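Data block for my_file-v6.txt (compact mmCIF, C-alpha atoms):
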```txt
# COMPACT_ATOMS: atom_id res chain seq x y z
CA ILE K 1 4.14 -16.43 -1.98
CA LYS K 2 3.57 -15.48 -5.58
CA ALA K 3 3.56 -12.12 -7.23
CA VAL K 4 0.28 -10.94 -8.73
CA ILE K 5 0.53 -9.15 -12.06
CA HIS K 6 -2.43 -8.36 -14.34
CA HIS K 7 -4.74 -10.15 -11.84
CA SER K 8 -2.75 -13.39 -12.23
CA GLU K 9 -0.28 -15.10 -9.95
CA VAL K 10 3.20 -15.15 -11.41
CA GLY K 11 5.34 -18.15 -10.65
CA SER K 12 9.02 -18.72 -11.16
CA GLU K 13 11.63 -21.40 -11.21
CA ARG K 14 13.52 -19.34 -8.64
CA TYR K 15 12.37 -18.85 -5.07
CA PHE K 16 13.82 -17.35 -1.92
CA GLU K 17 13.17 -19.13 1.35
CA VAL K 18 12.07 -16.85 4.19
CA ARG K 19 13.18 -18.37 7.47
CA ASP K 20 12.00 -17.55 10.95
CA PRO K 21 14.96 -15.60 12.47
CA GLY K 22 14.10 -17.11 15.86
CA ARG K 23 14.10 -20.65 14.46
CA THR K 24 16.29 -20.62 11.37
CA SER K 25 15.41 -24.23 10.57
CA GLU K 26 11.75 -23.19 10.02
CA VAL K 27 10.85 -22.01 6.52
CA VAL K 28 8.01 -19.51 6.81
CA ALA K 29 7.47 -19.01 3.09
CA ARG K 30 8.95 -19.35 -0.35
CA VAL K 31 8.89 -16.06 -2.23
CA VAL K 32 9.19 -15.73 -5.98
CA LEU K 33 12.42 -14.12 -7.18
CA ASN K 34 10.96 -11.99 -9.91
CA SER K 35 12.82 -10.99 -13.02
CA SER K 36 13.19 -7.45 -14.34
CA ARG K 37 10.51 -8.39 -16.88
CA ASP K 38 8.14 -9.22 -14.02
CA VAL K 39 8.85 -5.79 -12.49
CA ASN K 40 8.12 -4.13 -15.83
CA ASP K 41 4.90 -6.13 -16.09
CA ALA K 42 3.89 -5.04 -12.56
CA VAL K 43 4.46 -1.40 -13.44
CA GLN K 44 2.51 -1.80 -16.68
CA SER K 45 -0.33 -3.48 -14.79
CA ALA K 46 -0.36 -0.61 -12.28
CA HIS K 47 -0.37 1.87 -15.17
CA ASP K 48 -3.32 0.08 -16.77
CA ALA K 49 -5.20 0.17 -13.44
CA PHE K 50 -4.33 3.85 -13.05
CA GLN K 51 -6.37 4.66 -16.16
CA LYS K 52 -9.59 3.60 -14.40
CA TRP K 53 -8.68 4.23 -10.73
CA SER K 54 -7.67 7.86 -11.26
CA ARG K 55 -11.04 8.63 -12.87
CA LEU K 56 -13.06 7.47 -9.86
CA ASP K 57 -14.20 10.32 -7.68
CA ILE K 58 -12.63 10.60 -4.26
CA LYS K 59 -15.76 9.36 -2.46
CA GLU K 60 -15.71 6.12 -4.46
CA ARG K 61 -11.96 5.62 -3.98
CA SER K 62 -12.42 6.25 -0.25
CA ARG K 63 -15.29 3.77 -0.06
CA LEU K 64 -13.26 1.05 -1.79
CA LEU K 65 -10.14 1.70 0.29
CA LEU K 66 -12.13 1.67 3.53
CA GLN K 67 -13.63 -1.65 2.45
CA ALA K 68 -10.09 -2.99 1.89
CA ALA K 69 -8.96 -1.76 5.32
CA GLU K 70 -11.91 -3.45 6.99
CA ALA K 71 -11.14 -6.71 5.16
CA ALA K 72 -7.52 -6.49 6.35
CA GLU K 73 -8.70 -6.01 9.95
CA GLU K 74 -10.40 -9.41 9.82
CA ASP K 75 -7.07 -11.07 9.00
CA ILE K 76 -4.98 -9.31 11.67
CA PRO K 77 -4.63 -12.37 13.97
CA MET K 78 -3.36 -14.61 11.16
CA LEU K 79 -1.18 -11.88 9.63
CA THR K 80 0.31 -11.01 13.02
CA ARG K 81 1.51 -14.56 13.58
CA LEU K 82 2.91 -14.75 10.06
CA LEU K 83 4.71 -11.41 10.30
CA VAL K 84 6.33 -12.29 13.63
CA LYS K 85 7.81 -15.39 12.00
CA GLU K 86 8.74 -13.65 8.77
CA ASN K 87 10.10 -10.47 10.35
CA GLY K 88 11.71 -11.80 13.49
CA THR K 89 10.37 -9.05 15.71
CA VAL K 90 8.54 -9.58 18.97
CA LEU K 91 4.82 -10.25 19.01
CA ARG K 92 4.04 -7.09 20.98
CA GLU K 93 5.62 -4.89 18.29
CA ILE K 94 3.58 -6.45 15.47
CA GLU K 95 0.41 -6.38 17.58
CA THR K 96 0.77 -2.58 17.68
CA ASP K 97 2.01 -2.24 14.08
CA PHE K 98 -1.18 -3.55 12.46
CA PRO K 99 -3.68 -1.37 14.36
CA ARG K 100 -1.42 1.68 14.05
CA GLY K 101 -1.05 1.11 10.31
CA LEU K 102 -4.78 0.74 9.80
CA ARG K 103 -5.44 3.88 11.90
CA VAL K 104 -3.01 5.82 9.71
CA PHE K 105 -4.72 4.44 6.61
CA LYS K 106 -8.23 5.37 7.80
CA HIS K 107 -7.10 8.78 9.08
CA THR K 108 -5.65 9.55 5.66
CA LEU K 109 -8.96 8.61 4.04
CA GLN K 110 -10.87 10.88 6.44
CA LYS K 111 -8.66 13.90 5.72
CA ALA K 112 -8.23 13.33 1.98
CA GLU K 113 -11.20 15.24 0.63
CA SER K 114 -10.24 18.49 2.34
CA PHE K 115 -6.56 18.00 1.46
CA ILE K 116 -7.28 17.38 -2.22
CA ALA K 117 -9.76 20.25 -2.58
CA PRO K 118 -8.43 23.02 -4.86
CA GLN K 119 -7.09 26.09 -3.08
CA ILE K 120 -7.21 29.65 -4.31
CA MET K 121 -4.75 32.14 -2.93
CA GLU K 122 -4.94 35.77 -3.82
CA ASP K 123 -3.86 39.19 -2.76
CA LYS K 124 -4.21 42.64 -4.33
CA GLU K 125 -1.71 41.90 -7.08
CA SER K 126 -2.09 38.26 -7.99
CA TRP K 127 -3.96 35.02 -7.56
CA MET K 128 -3.05 31.38 -7.73
CA ARG K 129 -5.09 28.18 -7.92
CA ILE K 130 -3.51 24.98 -6.59
CA GLU K 131 -4.94 21.68 -7.79
CA LYS K 132 -3.67 18.32 -6.64
CA VAL K 133 -3.95 15.64 -9.30
CA PRO K 134 -2.83 12.02 -9.56
CA VAL K 135 0.47 11.47 -11.36
CA GLY K 136 0.50 7.73 -12.12
CA VAL K 137 2.32 4.71 -10.74
CA ILE K 138 4.10 5.18 -7.42
CA ALA K 139 6.94 2.82 -6.41
CA VAL K 140 7.09 2.12 -2.67
CA ILE K 141 9.97 0.56 -0.77
CA VAL K 142 9.22 -0.43 2.81
CA PRO K 143 11.84 -1.15 5.47
CA TRP K 144 11.50 -4.17 7.74
CA ASN K 145 10.76 -2.28 10.97
CA SER K 146 7.08 -1.43 11.45
CA PRO K 147 6.30 -2.75 7.96
CA VAL K 148 2.52 -2.40 8.17
CA ASN K 149 2.46 1.12 9.57
CA LEU K 150 5.14 2.31 7.15
CA THR K 151 3.40 0.67 4.18
CA MET K 152 0.03 2.17 5.08
CA SER K 153 1.53 5.63 5.58
CA LYS K 154 2.92 5.48 2.03
CA ILE K 155 0.16 3.78 0.07
CA ALA K 156 -2.87 5.50 1.64
CA PRO K 157 -2.05 9.00 0.33
CA ALA K 158 -0.98 7.65 -3.05
CA LEU K 159 -4.11 5.54 -3.54
CA ILE K 160 -6.67 8.03 -2.25
CA MET K 161 -5.13 10.65 -4.53
CA GLY K 162 -5.86 8.39 -7.51
CA ASN K 163 -2.40 6.94 -8.09
CA THR K 164 -1.60 3.25 -8.23
CA VAL K 165 1.21 1.58 -6.30
CA VAL K 166 3.85 -1.08 -6.83
CA ILE K 167 5.42 -2.19 -3.54
```
Structure rendered as C-alpha cells:
Amino acid sequence: IKAVIHHSEVGSERYFEVRDPGRTSEVVARVVLNSSRDVNDAVQSAHDAFQKWSRLDIKERSRLLLQAAEAAEEDIPMLTRLLVKENGTVLREIETDFPRGLRVFKHTLQKAESFIAPQIMEDKESWMRIEKVPVGVIAVIVPWNSPVNLTMSKIAPALIMGNTVVI
C-alpha cells in the first residue's frame, strides 16, 4: 500500500508488513513507512486541495461525497475480506462496520445543509449571528476497532463542511 500525496503514489525504501493476526505467517500488505517530510507533503497537499474544495457550495460537496460513498459501497465485499485479514477481527463485526459507517456518512450529508445554515439569535437587548465556516486541514486518527464507522464519523462532517482531511 502506498501513500498518495499530490495525486501521486509515494514509495519508500522502508515498508511495514501487515500480517493476518489469525495467520501470522500470512502477509496481508506492505505499507510504506512515511517520513516526516511525507507527512508535511500530505498536509500541504490537503491545504492546496482546501483552497478549491472549501469554495464549492454545499450541494456540490454533498453530490461529490455521495458519489464517493456509492463507489465505496461497490467495493464492500473485497474491502471486508481485506479488513478482516488486516484487522484481525471477526467477519461479522466488519460486515456491520462498513454499512454502519456508510450510513453515518450519508446521514451526515443529509443533515449538513440545515446544520451549516447561519443562525440568528436575538432577544430584546442583543442579537448574535452564528456562521459555521471551514477552517482548513483536519488531522484524523482512527483506532483499530470499528475503523470504517469511526473514520466515516470523523471525515464526513469535516469534508461536508469544506475542510480537507489527512488520516
- Message: Would you compute the distance between CA of Gln67 (chain K) and CA of Thr108 (chain K)? Give it in Å to one decimal.
- Response: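 Between CA of Gln67 (chain K) and CA of Thr108 (chain K) the gap is 14.1 Å.
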- Quote the spacing between CA of Asp75 (chain K) and CA of Phe105 (chain K) in Å to one decimal place.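 About the pair CA of Asp75 (chain K) and CA of Phe105 (chain K): they are 15.9 Å apart.
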- Any idea what the distance is between CA of Gly88 (chain K) and CA of Val27 (chain K)?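 Taking CA of Gly88 (chain K) as the start and CA of Val27 (chain K) as the end point, the length is 12.4 Å.
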- Message: Restricting the calculation to only C-alpha atoms: of K:Val28, K:Ser62, K:Met152, K:Ser146, which residue gets closest to Arg92 (chain K)?
- Response: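 For Arg92 (chain K), the nearest of the given residues is K:Ser146.
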- Query: So which residues touch Gln44 (chain K) within 12 Å, counting only C-alpha atoms, skipping near sequence neighbours fewer than 5 positions away, as a PyMOL selection string?
  - Reply: chain K and resi 5-6+37-39+49-51+136-138+164-166
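Proximity ranking of K:Ile167, K:Val140, K:Ala112, K:Ala156 relative to Asp57 (chain K) places K:Ala112 first, based on all atoms listed in the file.
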Repaired coordinates for region 100-120 of chain K (N, CA and C atoms) as a short mmCIF file (atom, residue, chain, number, x, y, z; two decimals), in the frame of the given file:
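Final output, result_10.cif:
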```
data_model
loop_
_atom_site.label_atom_id
_atom_site.label_comp_id
_atom_site.auth_asym_id
_atom_site.auth_seq_id
_atom_site.Cartn_x
_atom_site.Cartn_y
_atom_site.Cartn_z
N ARG K 100 -1.96 0.34 14.33
CA ARG K 100 -1.42 1.68 14.05
C ARG K 100 -1.44 1.95 12.54
N GLY K 101 -1.03 0.96 11.76
CA GLY K 101 -1.05 1.11 10.31
C GLY K 101 -2.44 1.33 9.76
N LEU K 102 -3.40 0.58 10.27
CA LEU K 102 -4.78 0.74 9.80
C LEU K 102 -5.37 2.07 10.27
N ARG K 103 -4.98 2.55 11.45
CA ARG K 103 -5.44 3.88 11.90
C ARG K 103 -4.90 4.97 10.98
N VAL K 104 -3.62 4.85 10.62
CA VAL K 104 -3.01 5.82 9.71
C VAL K 104 -3.74 5.79 8.36
N PHE K 105 -4.03 4.60 7.89
CA PHE K 105 -4.72 4.44 6.61
C PHE K 105 -6.09 5.12 6.65
N LYS K 106 -6.87 4.80 7.69
CA LYS K 106 -8.23 5.37 7.80
C LYS K 106 -8.19 6.88 8.04
N HIS K 107 -7.23 7.34 8.84
CA HIS K 107 -7.10 8.78 9.08
C HIS K 107 -6.81 9.52 7.77
N THR K 108 -5.95 8.95 6.95
CA THR K 108 -5.65 9.55 5.66
C THR K 108 -6.91 9.65 4.80
N LEU K 109 -7.72 8.59 4.81
CA LEU K 109 -8.96 8.61 4.04
C LEU K 109 -9.90 9.70 4.54
N GLN K 110 -9.98 9.87 5.86
CA GLN K 110 -10.87 10.88 6.44
C GLN K 110 -10.46 12.30 6.06
N LYS K 111 -9.17 12.55 5.98
CA LYS K 111 -8.66 13.90 5.72
C LYS K 111 -8.48 14.20 4.23
N ALA K 112 -8.60 13.19 3.40
CA ALA K 112 -8.23 13.33 1.98
C ALA K 112 -9.06 14.36 1.23
N GLU K 113 -10.36 14.36 1.42
CA GLU K 113 -11.20 15.24 0.63
C GLU K 113 -10.84 16.71 0.84
N SER K 114 -10.61 17.10 2.09
CA SER K 114 -10.24 18.49 2.34
C SER K 114 -8.82 18.79 1.86
N PHE K 115 -7.93 17.80 1.93
CA PHE K 115 -6.56 18.00 1.46
C PHE K 115 -6.51 18.17 -0.06
N ILE K 116 -7.31 17.38 -0.75
CA ILE K 116 -7.28 17.38 -2.22
C ILE K 116 -8.04 18.57 -2.81
N ALA K 117 -8.95 19.15 -2.06
CA ALA K 117 -9.76 20.25 -2.58
C ALA K 117 -8.87 21.37 -3.13
N PRO K 118 -9.22 21.91 -4.30
CA PRO K 118 -8.43 23.02 -4.86
C PRO K 118 -8.39 24.20 -3.90
N GLN K 119 -7.27 24.90 -3.93
CA GLN K 119 -7.09 26.09 -3.08
C GLN K 119 -6.87 27.30 -3.98
N ILE K 120 -7.46 28.39 -3.60
CA ILE K 120 -7.21 29.65 -4.31
C ILE K 120 -6.58 30.62 -3.33
#
```
